[in-house]
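As stored in my_file28.cif (mmCIF, C-alpha atoms):
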data_final
#
loop_
_atom_site.label_atom_id
_atom_site.label_comp_id
_atom_site.auth_asym_id
_atom_site.auth_seq_id
_atom_site.Cartn_x
_atom_site.Cartn_y
_atom_site.Cartn_z
CA MET F 25 -5.31 -5.56 93.19
CA ALA F 26 -8.00 -2.91 93.44
CA THR F 27 -8.04 -1.61 97.02
CA TRP F 28 -10.36 0.94 98.56
CA THR F 29 -10.42 2.68 101.90
CA LEU F 30 -12.10 5.90 102.91
CA GLY F 31 -10.39 8.71 101.03
CA SER F 32 -8.29 6.44 98.85
CA SER F 33 -7.88 6.20 95.10
CA ILE F 34 -8.46 2.97 93.22
CA GLY F 35 -5.91 0.90 91.37
CA VAL F 36 -7.15 -1.91 89.16
CA SER F 37 -5.24 -4.89 87.78
CA GLN F 38 -6.35 -6.99 84.82
CA PRO F 39 -10.11 -7.67 84.92
CA SER F 40 -11.05 -10.68 87.02
CA SER F 41 -14.40 -9.74 88.46
CA CYS F 42 -18.11 -9.58 87.60
CA SER F 43 -19.78 -6.21 87.12
CA ASP F 44 -23.22 -7.53 86.10
CA ALA F 45 -25.11 -10.67 85.18
CA SER F 46 -22.54 -11.25 82.47
CA VAL F 47 -21.61 -13.96 80.01
CA HIS F 48 -20.48 -16.41 82.67
CA CYS F 49 -23.08 -15.64 85.33
CA ILE F 50 -26.04 -17.88 86.09
CA PRO F 51 -28.70 -18.12 88.82
CA PHE F 52 -27.55 -20.21 91.77
CA SER F 53 -30.03 -22.13 93.90
CA LEU F 54 -29.53 -21.70 97.63
CA ARG F 55 -28.27 -24.86 99.22
CA ARG F 56 -27.52 -26.12 102.72
CA LEU F 57 -23.86 -27.06 102.69
CA SER F 58 -21.62 -29.11 104.94
CA PHE F 59 -18.17 -27.75 105.71
CA SER F 60 -15.26 -29.49 107.35
CA SER F 61 -11.84 -28.89 108.79
CA ILE F 62 -9.11 -29.80 106.34
CA ILE F 63 -6.81 -32.81 106.48
CA ILE F 64 -3.31 -32.34 105.17
CA SER F 65 -1.64 -34.88 102.91
CA PRO F 66 0.57 -36.82 102.70
CA LEU F 67 0.89 -37.05 106.46
CA LYS F 68 -2.78 -36.18 107.02
CA LEU F 69 -1.99 -33.68 109.74
CA GLN F 70 -4.66 -31.42 111.18
CA ARG F 71 -4.84 -27.97 109.57
CA GLN F 72 -1.98 -25.87 110.94
CA VAL F 73 -2.89 -22.55 112.48
CA SER F 74 0.27 -20.58 111.80
CA ARG F 75 1.01 -19.85 108.15
CA ARG F 76 4.65 -19.33 109.15
CA ARG F 77 5.12 -23.05 109.79
CA ALA F 78 5.93 -25.69 107.17
CA ARG F 79 3.59 -25.24 104.22
CA PRO F 80 1.61 -28.48 103.82
CA VAL F 81 -0.29 -29.45 100.70
CA ILE F 82 -4.06 -29.53 100.85
CA SER F 83 -5.82 -32.86 100.54
CA VAL F 84 -8.96 -33.27 98.49
CA LYS F 85 -10.57 -34.84 101.58
CA MET F 86 -11.79 -33.09 104.70
CA ALA F 87 -12.38 -34.23 108.28
CA ALA F 88 -15.89 -35.61 108.49
CA ALA F 89 -15.80 -35.76 112.28
CA GLU F 90 -15.80 -31.99 112.52
CA ASP F 91 -18.56 -31.24 109.99
CA PHE F 92 -20.86 -28.34 110.58
CA GLN F 93 -23.67 -26.86 108.53
CA GLU F 94 -23.64 -23.49 106.83
CA VAL F 95 -26.80 -22.12 105.31
CA LEU F 96 -25.96 -19.83 102.41
CA PRO F 97 -27.50 -16.41 102.97
CA PRO F 98 -29.83 -14.96 100.34
CA ALA F 99 -28.34 -12.48 97.89
CA LEU F 100 -28.71 -8.86 98.98
CA THR F 101 -30.78 -6.58 96.74
CA SER F 102 -31.51 -2.87 96.41
CA ALA F 103 -33.98 -3.27 99.27
CA SER F 104 -31.41 -4.81 101.63
CA GLU F 105 -29.68 -2.99 104.46
CA PRO F 106 -25.87 -3.01 104.44
CA PRO F 107 -23.87 -5.07 106.92
CA PRO F 108 -21.98 -3.11 109.63
CA ILE F 109 -19.08 -2.23 107.33
CA PHE F 110 -15.57 -1.86 108.80
CA ASP F 111 -16.59 -3.32 112.16
CA GLY F 112 -13.65 -5.74 112.23
CA THR F 113 -15.48 -8.59 110.49
CA THR F 114 -13.79 -10.06 107.43
CA ARG F 115 -16.33 -10.30 104.62
CA LEU F 116 -16.21 -11.75 101.13
CA TYR F 117 -18.67 -10.05 98.78
CA ILE F 118 -19.62 -12.39 95.95
CA SER F 119 -22.33 -13.28 93.48
CA TYR F 120 -23.33 -16.93 93.60
CA SER F 121 -23.33 -16.88 89.80
CA CYS F 122 -19.99 -15.20 89.11
CA PRO F 123 -17.05 -17.47 88.16
CA TYR F 124 -14.55 -14.87 89.30
CA ALA F 125 -16.16 -14.68 92.72
CA GLN F 126 -16.35 -18.47 92.75
CA ARG F 127 -12.54 -18.61 92.64
CA VAL F 128 -12.28 -16.69 95.90
CA TRP F 129 -15.15 -18.62 97.48
CA ILE F 130 -13.35 -21.89 96.68
CA THR F 131 -10.11 -20.55 98.17
CA ARG F 132 -11.92 -19.54 101.36
CA ASN F 133 -13.42 -23.01 101.68
CA CYS F 134 -10.22 -24.91 100.92
CA LYS F 135 -8.31 -22.86 103.50
CA GLY F 136 -10.92 -23.83 106.09
CA LEU F 137 -12.00 -20.23 106.64
CA GLN F 138 -15.76 -20.64 106.60
CA THR F 139 -16.03 -19.28 110.14
CA LYS F 140 -13.38 -16.59 109.63
CA ILE F 141 -14.59 -14.99 106.38
CA GLU F 142 -18.28 -14.17 106.17
CA LEU F 143 -20.01 -14.56 102.79
CA VAL F 144 -22.04 -11.56 101.64
CA PRO F 145 -23.77 -12.42 98.35
CA ILE F 146 -24.88 -9.56 96.10
CA ASN F 147 -27.65 -9.72 93.50
CA LEU F 148 -25.91 -8.29 90.43
CA GLN F 149 -29.20 -7.63 88.64
CA ASP F 150 -30.62 -5.67 91.56
CA ARG F 151 -27.56 -4.63 93.50
CA PRO F 152 -27.86 -2.32 96.49
CA SER F 153 -26.66 1.24 96.00
CA TRP F 154 -24.69 1.13 99.25
CA TYR F 155 -22.36 -1.49 97.80
CA LYS F 156 -20.85 1.03 95.40
CA GLU F 157 -21.18 4.00 97.73
CA LYS F 158 -19.87 2.45 100.95
CA VAL F 159 -18.10 -0.83 100.19
CA TYR F 160 -16.43 -1.04 96.78
CA PRO F 161 -16.69 1.88 94.30
CA PRO F 162 -15.86 -0.28 91.23
CA ASN F 163 -19.23 -1.94 92.03
CA LYS F 164 -17.99 -5.42 91.10
CA VAL F 165 -17.56 -8.76 92.78
CA PRO F 166 -15.59 -10.34 94.27
CA ALA F 167 -14.39 -7.97 96.96
CA LEU F 168 -12.81 -8.70 100.33
CA GLU F 169 -13.32 -6.50 103.38
CA HIS F 170 -10.33 -7.06 105.66
CA ASN F 171 -8.37 -4.87 108.06
CA ASN F 172 -10.55 -1.82 107.35
CA GLU F 173 -10.06 -1.84 103.62
CA VAL F 174 -11.71 -3.53 100.65
CA LYS F 175 -9.71 -5.30 97.97
CA GLY F 176 -10.88 -6.63 94.61
CA GLU F 177 -9.92 -8.69 91.53
CA SER F 178 -10.20 -12.45 91.89
CA LEU F 179 -6.66 -13.54 90.99
CA ASP F 180 -5.25 -11.00 93.43
CA LEU F 181 -7.68 -12.07 96.13
CA ILE F 182 -6.96 -15.79 95.96
CA ARG F 183 -3.26 -15.02 96.44
CA TYR F 184 -4.03 -12.58 99.23
CA ILE F 185 -6.18 -15.05 101.15
CA ASP F 186 -3.62 -17.80 100.70
CA SER F 187 -0.81 -15.56 102.02
CA ASN F 188 -2.62 -13.71 104.80
CA PHE F 189 -4.86 -16.30 106.43
CA GLU F 190 -4.30 -19.56 108.27
CA GLY F 191 -4.72 -22.93 106.61
CA PRO F 192 -2.78 -25.12 104.21
CA SER F 193 -0.77 -23.36 101.54
CA LEU F 194 -2.30 -23.41 98.06
CA PHE F 195 0.82 -22.28 96.23
CA PRO F 196 4.05 -24.29 95.84
CA GLU F 197 7.40 -23.39 97.38
CA ASP F 198 9.35 -25.08 94.56
CA GLN F 199 10.66 -22.36 92.25
CA GLY F 200 10.09 -24.33 89.06
CA ARG F 201 6.47 -25.00 89.93
CA ARG F 202 5.93 -21.40 90.97
CA GLU F 203 7.19 -20.23 87.58
CA PHE F 204 4.93 -22.71 85.79
CA ALA F 205 2.02 -21.55 87.93
CA GLU F 206 2.64 -17.97 86.77
CA GLU F 207 2.71 -19.14 83.15
CA LEU F 208 -0.65 -20.85 83.60
CA MET F 209 -2.14 -17.83 85.34
CA ASN F 210 -0.97 -15.61 82.49
CA TYR F 211 -2.65 -17.93 79.97
CA LEU F 212 -6.08 -17.60 81.57
CA ASN F 213 -7.28 -14.69 79.45
CA SER F 214 -6.15 -16.38 76.24
CA PHE F 215 -7.83 -19.60 77.31
CA ARG F 216 -11.16 -17.91 78.00
CA GLY F 217 -10.99 -15.87 74.81
CA SER F 218 -10.24 -18.88 72.61
CA VAL F 219 -13.01 -21.01 74.06
CA VAL F 220 -15.64 -18.27 73.96
CA SER F 221 -14.74 -17.39 70.36
CA SER F 222 -15.48 -21.00 69.41
CA PHE F 223 -19.07 -20.76 70.61
CA LYS F 224 -20.24 -19.12 67.38
CA GLY F 225 -17.43 -20.26 65.13
CA ASP F 226 -15.67 -23.55 64.51
CA ARG F 227 -14.07 -25.48 67.30
CA ASN F 228 -10.45 -25.07 66.21
CA GLU F 229 -9.74 -22.39 68.79
CA ALA F 230 -11.28 -24.51 71.52
CA ASP F 231 -9.11 -27.42 70.39
CA VAL F 232 -5.99 -25.31 70.78
CA ALA F 233 -7.05 -24.08 74.21
CA PHE F 234 -7.93 -27.48 75.63
CA ASP F 235 -4.87 -29.10 74.05
CA TYR F 236 -2.80 -26.54 75.96
CA ILE F 237 -4.57 -27.57 79.17
CA GLU F 238 -3.95 -31.25 78.43
CA SER F 239 -0.27 -30.56 77.86
CA ALA F 240 -0.02 -28.49 81.05
CA LEU F 241 -1.63 -31.26 83.08
CA SER F 242 0.99 -33.69 81.75
CA LYS F 243 3.97 -31.76 83.12
CA TYR F 244 4.03 -33.24 86.64
CA GLY F 245 3.42 -36.87 87.45
CA ASP F 246 2.96 -36.67 91.21
CA GLY F 247 -0.73 -35.83 91.11
CA PRO F 248 -3.68 -35.11 88.80
CA PHE F 249 -3.61 -31.32 89.17
CA PHE F 250 -1.78 -28.62 87.22
CA LEU F 251 1.17 -28.53 89.61
CA GLY F 252 0.80 -32.17 90.62
CA GLN F 253 -0.87 -31.23 93.90
CA PHE F 254 -3.97 -29.07 94.27
CA SER F 255 -3.22 -25.35 94.07
CA LEU F 256 -4.50 -21.89 93.24
CA VAL F 257 -4.02 -22.69 89.55
CA ASP F 258 -6.74 -25.36 89.72
CA ILE F 259 -8.97 -22.89 91.56
CA ALA F 260 -8.41 -20.25 88.88
CA TYR F 261 -9.45 -22.53 86.00
CA ALA F 262 -12.20 -24.62 87.61
CA PRO F 263 -15.15 -22.16 87.45
CA PHE F 264 -14.67 -21.66 83.71
CA ILE F 265 -14.16 -25.29 82.72
CA GLU F 266 -17.23 -26.06 84.86
CA ARG F 267 -19.26 -23.82 82.54
CA TYR F 268 -17.60 -24.60 79.21
CA GLN F 269 -17.81 -28.39 79.44
CA PRO F 270 -21.62 -28.84 79.49
CA PHE F 271 -22.26 -26.04 77.01
CA LEU F 272 -19.82 -27.33 74.40
CA LEU F 273 -21.08 -30.89 74.83
CA GLU F 274 -24.72 -29.97 74.28
CA VAL F 275 -24.44 -27.20 71.71
CA LYS F 276 -21.37 -28.25 69.73
CA THR F 277 -21.44 -31.99 70.50
CA TYR F 278 -17.89 -31.37 71.58
CA ASP F 279 -16.55 -33.44 74.46
CA ILE F 280 -13.59 -31.51 75.84
CA THR F 281 -12.24 -34.69 77.50
CA ALA F 282 -12.22 -36.84 74.32
CA GLY F 283 -8.61 -37.74 73.62
CA ARG F 284 -7.54 -35.77 76.69
CA PRO F 285 -7.18 -38.25 79.56
CA LYS F 286 -5.33 -35.78 81.78
CA LEU F 287 -8.15 -33.27 81.53
CA ALA F 288 -10.72 -35.99 82.20
CA ALA F 289 -8.80 -37.06 85.31
CA TRP F 290 -8.45 -33.44 86.44
CA ILE F 291 -12.21 -32.84 86.20
CA GLU F 292 -12.87 -36.07 88.10
CA GLU F 293 -10.47 -35.12 90.88
CA MET F 294 -11.68 -31.52 91.06
CA ASN F 295 -15.20 -32.80 91.62
CA LYS F 296 -13.92 -34.57 94.73
CA VAL F 297 -12.58 -31.37 96.31
CA GLU F 298 -15.15 -30.47 98.94
CA GLY F 299 -14.28 -26.80 98.98
CA TYR F 300 -15.10 -26.69 95.26
CA GLN F 301 -18.17 -28.95 95.46
CA GLN F 302 -19.78 -26.44 97.82
CA THR F 303 -19.63 -23.70 95.18
CA LYS F 304 -20.70 -25.51 92.00
CA GLY F 305 -23.68 -24.36 90.00
CA ASP F 306 -26.26 -26.37 88.06
CA PRO F 307 -24.89 -27.51 84.64
CA ARG F 308 -28.34 -27.06 83.12
CA GLU F 309 -28.37 -23.42 84.18
CA HIS F 310 -24.86 -22.93 82.82
CA VAL F 311 -25.98 -24.21 79.42
CA ASP F 312 -29.19 -22.19 79.34
CA ASN F 313 -27.35 -19.01 80.27
CA PHE F 314 -24.73 -19.49 77.56
CA LYS F 315 -27.43 -20.23 75.00
CA LYS F 316 -29.14 -16.95 75.81
CA ARG F 317 -25.87 -15.08 75.58
CA PHE F 318 -24.38 -16.61 72.45
CA LEU F 319 -27.15 -18.28 70.47
CA SER F 320 -30.08 -15.88 70.82
CA PRO F 321 -30.72 -13.49 67.89
CA SER F 322 -29.01 -10.13 68.41
#
Full structure transcribed into structure tokens:
Amino acid sequence: MATWTLGSSIGVSQPSSCSDASVHCIPFSLRRLSFSSIIISPLKLQRQVSRRRARPVISVKMAAAEDFQEVLPPALTSASEPPPIFDGTTRLYISYSCPYAQRVWITRNCKGLQTKIELVPINLQDRPSWYKEKVYPPNKVPALEHNNEVKGESLDLIRYIDSNFEGPSLFPEDQGRREFAEELMNYLNSFRGSVVSSFKGDRNEADVAFDYIESALSKYGDGPFFLGQFSLVDIAYAPFIERYQPFLLEVKTYDITAGRPKLAAWIEEMNKVEGYQQTKGDPREHVDNFKKRFLSPS
């Protein structure tokens, strides 16, 4: 995890952040979103405050009776003033278009932390100079300002938020499932590389990648997600499959769910997770962005 405080050096783990309007990044229309407190399954208990108690599994449903509205703030630009940095407020710096930042945004939502972690969106094409100078020297998103330091790298941050904030646990206690979760996390870079390489070549590499996902989703029978129940693994993969599916279908006439019923069911169930729904981009914009990146003349 890349961590920065005044006077500190920077350590960086494997890349899992956006530095610019990159291959996966698209414009994101501002929306008025409804957030809810989380219901825990299978007993449907109210969200537990202490993370030291029994670690319940998150439900894909949320408590409608306690809905409130959050208006997404506009992305900050080079003309924007900085927030009052290191004032005790926990802030999540994101880009609405970055899939890496989307992972952490989803985690925040699914933990029920919308009022505890403030979103600070950054315009990556016109980013403010103070972000690099005062907040996060690597100048990437996502980054989390917490306890007077700023941490980065999306896979590190989703684990950090799950371990250090209240709300239902998003990682299993079972040792076998934890080990399988690590295997799936380690496959992420290979998955992305295989799919992206298929954009200009044949689809064989995409076949291998999505067949791996189908096989992984078949391991546990107690739910439609990678570890049976919803977890950080689903959060890690969702932003990328969200982008790959419409692009491959339109450009390659390649339906990633054809012959893969587990993947089809996973996508269907992911789309029911409110904390994820609130972060999704427009499929049309995903496709157009990928066309510009991969199909435009060099």
(request) May I have the residues within 9 Å of Leu241 in chain F as a list in words, using all atoms listed in the file and disregarding those fewer than 6 positions away in the same chain? (result) Pro248, Phe249, Phe250, Leu251, Gly252, Lys286, Leu287 and Trp290 of chain F
(message) If we draw a sphere of 12 Å around (-6.0, -26.8, 90.8), which residues have at least one atom in it when counting all atoms listed in the file? Please report them as a count of residues only.
(response) 47
(request) Please evaluate the PyMOL selection byres ((chain F and resi 235) around 12) against the displayed coordinates and give the resulting residues as a list of chain:residue names. (result) F:Phe215, F:Ser218, F:Val219, F:Arg227, F:Asn228, F:Glu229, F:Ala230, F:Asp231, F:Val232, F:Ala233, F:Phe234, F:Tyr236, F:Ile237, F:Glu238, F:Ser239, F:Ala240, F:Leu241, F:Ser242, F:Ile280, F:Thr281, F:Ala282, F:Gly283, F:Arg284, F:Pro285, F:Lys286, F:Leu287
(request) Quote the spacing between CA of Glu169 in chain F and CA of Gly112 in chain F in Å to one decimal place. (result) 8.9 Å
(request) Would you work out the distance separating CA of Asp306 in chain F from CA of Glu274 in chain F, expressed in Å to one decimal? (result) 14.3 Å
(message) I'd like to see the residues matched by the PyMOL selection byres ((chain F and resi 303) around 8) on this file, and ideally I'd get them as a ChimeraX atom specification.
(response) /F:120,126,129-130,299-302,304-305
(request) Check the smallest atom-to-atom distance from each of F:Phe204, F:Gln199, F:Asp111, F:Ser40 to Arg216 in chain F using only C-alpha atoms, then report the winner. (result)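 Smallest distance to Arg216 in chain F is found for F:Ser40.
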(request) Pick out the closest residue to Tyr278 in chain F from this set: F:Ser222, F:Glu309, F:Tyr211, F:Pro98. Count only C-alpha atoms. (result)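 Of F:Ser222, F:Glu309, F:Tyr211, F:Pro98, the one nearest Tyr278 in chain F is F:Ser222, counting only C-alpha atoms.
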(message) Nearest residue to Ser121 in chain F out of F:Phe264, F:Tyr244, F:Phe271, F:Phe318, using all atoms listed in the file?
(response)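 Nearest candidate to Ser121 in chain F out of F:Phe264, F:Tyr244, F:Phe271, F:Phe318: F:Phe264.
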(message) Translate the PyMOL selection byres ((chain F and resi 113) around 12) into a concrete residue list for this structure, as a PyMOL selection string.
(response) chain F and resi 107-112+114-116+139-144+168-174
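From CA of Leu273 in chain F back to CA of Pro307 in chain F, the distance works out to 11.1 Å.
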(request) For each of F:Thr277, F:Asn147, F:Asp226, F:Ser43, take the minimum atom-to-atom distance to Pro161 in chain F, counting all atoms listed in the file, then give the residue where this is smallest. (result) F:Ser43
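Counting only C-alpha atoms, the residue from F:Asp186, F:Glu105, F:Asp279, F:Asp312 that sits nearest to Leu137 in chain F is F:Asp186.
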